[in-house]
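Colleague: Take a look at the following structure, please.
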Amino acid sequence: MAHDHDDHEHGSELSEMQLRVRALETVLAEKGYIDPAAIDAIIEAYETKVGPHNGARVVAKAWSDPAFKRALIDDASKAVVALGLMNRVGDHLIAVENTPKLHNMIVCTLCSCYPWEVLGLPPVWYKSAPYRSRAVNDPRGVLADFGVELPADTQIRVWDSTAETRFMVLPMRPAGTEGWSEEKLAGLVTRDSMIGTGLPKRPNEV
Amino acid sequence: MDGIHDMGGMHGFGKVEPEPDEPVFHAAWEARCFALNRAMGYTGVWTIDQGRASREELRPDIYLASSYYKKWELGLERLVVALGLAGADEIDAGHALRPGKALPRKLAAAEVPKTLTRGSFARPAPAPARFKPGDRVRTRNIHPTTHTRLPRYARGKVGTVEALRGCHVFPDTVAIGKGEHPQWLYTVLFAGRELWGESAEPSLTVSIEAFEPYLEPA
């Protein structure tokens with residue numbers, strides 16, 4: 001991390017925060033508000049079960065099955081549940097489709113809203129001031145930070161997640177993947193391609 | 001509130017720095033802080049918008065100088081103390097000095113899988129929707145000192161209603177304990193140049209999710 005305000009976090013703040021969080025957890029547990037075993041279970045779930053592998057399966061299915069793709073664009077919450085990957089997702093998931101003429105990018109300028117069920121917890125950069133400030137007025141510059149350059153005539157559409165609706169990008173299927181299985185296609189789908197700050201991998205990249 | 005959290009369009013924060021192979025958490029305390037927030041949220045003592053407001057109300061210098069999960073820790077402390085669930089003296093001591101209050105519910109480990117799904121924020125509509133897709137609207141130029149989800153960069157701007165997203169809990173009231181007051185929610189699309197003037201790329205469009213009270217006919 002290059003920013004001044006981040007530099008000291010990894011030294012003194014680390015131990016300070018370890019102690020602070022431990023103190024808070026102890027107080028809340030002794031008060032009877034939380035069960036430390038539940039805390040362990042939450043961490044385990046978010047480290048192992050929830051993550052962008054779920055979203056990648058959704059995208060690969062949409063690339064392979066036109067009826068599913070229509071259902072996904074029509075009502076992503078319903079379509080994802082019907083896929084059987086997750087018992088339920090929240091009621092307000094929306095999938096937005098990239099085309100050769102239109103590139104979608106997702107941000108939450110006010111905090112860190114992000115489609116946890118399909119993408120897991122957001123990366124640090126998604127929650128950072130540089131991304132939250134610039135995605136809405138300089139998305140092409142943000143893409144350059146990710147090493148992504150789109151054709152000049154591709155329109156960019158930014159979705160600011162200012163309510164409980166949650167967005168995921170349906171990226172374009174890479175060329176040269178005809179006849180690929182859904183499983184193999186899912187291996188091309190990066191987390192960033194579902195946020196709109198990246199593109200799927202090309203067949204020669206896997 | 002017109003706080004430091006409302007970052008859309010600000011300059012000077014520098015480049016976005018992606019981290020290859022980023023872990024879910026960067027330290028054990030981040031994971032525990034995240035999970036503590038989830039478990040305390042489950043008790044039903046506060047709403048998601050009260051949680052957001054508690055972080056937004058951090059002093060701007062503290063907000064900017066704190067990592068993401070440090071903000072979550074500070075926000076959680078603020079709520080716990082403000083609602084009388086624990087004292088600052090107890091957090092400083094690292095132990096409960098007084099008995100806890102009775103809370104509506106407590107998260108057990110076996111219940112955790114159920115909490116991985118977000119709850120629904122949709123509510124029955126108290127009135128028909130005022131706008132429909134295609135309508136031109138102007139966002140109101142409001143500056144409440146309390147929680148709102150209308151970002152500063154999109155106030156007083158003309159856009160087009162693109163979609164109606166149902167009737168949802170209204171963050172502006174629920175965050176200050178004044179009830180859910182369900183409101184219609186719309187995706188409103190703006191031309192980049194309406195928001196940023198000539199500096200925006202001509203074809204850029206930006207949408208926000210706007211609650212009906214944020215909008216008036218244009």
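As shown in the structure tokens, the chain order sets the letters A, B, ...; within each chain, residues go from 1, and ligands are also counted from 1 in the order they appear.
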Mind checking which residues fall within 6 Å of segment 108-111 of chain A, counting only C-alpha atoms, ignoring those fewer than 6 positions away in the same chain, and posting them as a PyMOL selection string?

Modeller: (chain A and resi 132+160-161) or (chain B and resi 5-8)

Colleague: Restrict the selected residues to C-alpha atoms and save them as a PDB file, in the first residue's frame.

Modeller:
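Once everything was written out, this is part-v7.pdb:
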ATOM      1  CA  ARG A 132     -14.940   4.840  -4.581  1.00  0.00           C
ATOM      2  CA  ASP A 160     -23.436   3.070  -7.979  1.00  0.00           C
ATOM      3  CA  SER A 161     -24.857   0.637  -5.402  1.00  0.00           C
TER       4      SER A 161
ATOM      5  CA  HIS B   5     -17.722   8.668   3.364  1.00  0.00           C
ATOM      6  CA  ASP B   6     -19.526  10.273   0.396  1.00  0.00           C
ATOM      7  CA  MET B   7     -16.521   9.971  -1.907  1.00  0.00           C
ATOM      8  CA  GLY B   8     -17.953   9.800  -5.407  1.00  0.00           C
TER       9      GLY B   8
END

Colleague: For chain A, work out the contacting residues on chain B at 6 Å, counting only C-alpha atoms, and write them as an NGL selection string.

Modeller: :B and (5-10 or 13-16 or 18 or 29 or 35 or 65 or 91 or 94-96 or 99-100 or 108-109 or 117-118 or 120 or 149 or 203-209)

Colleague: When you count only C-alpha atoms, which of these residues is closest to Glu90 of chain B: B:Glu201, B:Glu56, B:Glu180, B:Glu77?

Modeller: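 Smallest distance to Glu90 of chain B is found for B:Glu77.
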
Colleague: Which parts of chain A does DSSP call helix (DSSP H, G or I) when run on the backbone here, written out as number ranges by chain?

Modeller: A: 4-10, 12-30, 36-48, 52-64, 66-74, 76-83, 116-119, 124-127, 129-134, 139-145, 182-186, 191-195, 203-205

Colleague: Find the distance between atom CA of Trp180 of chain A and atom CA of Arg57 of chain A and write it in Å to one decimal.

Modeller: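 The value is 13.4 Å.
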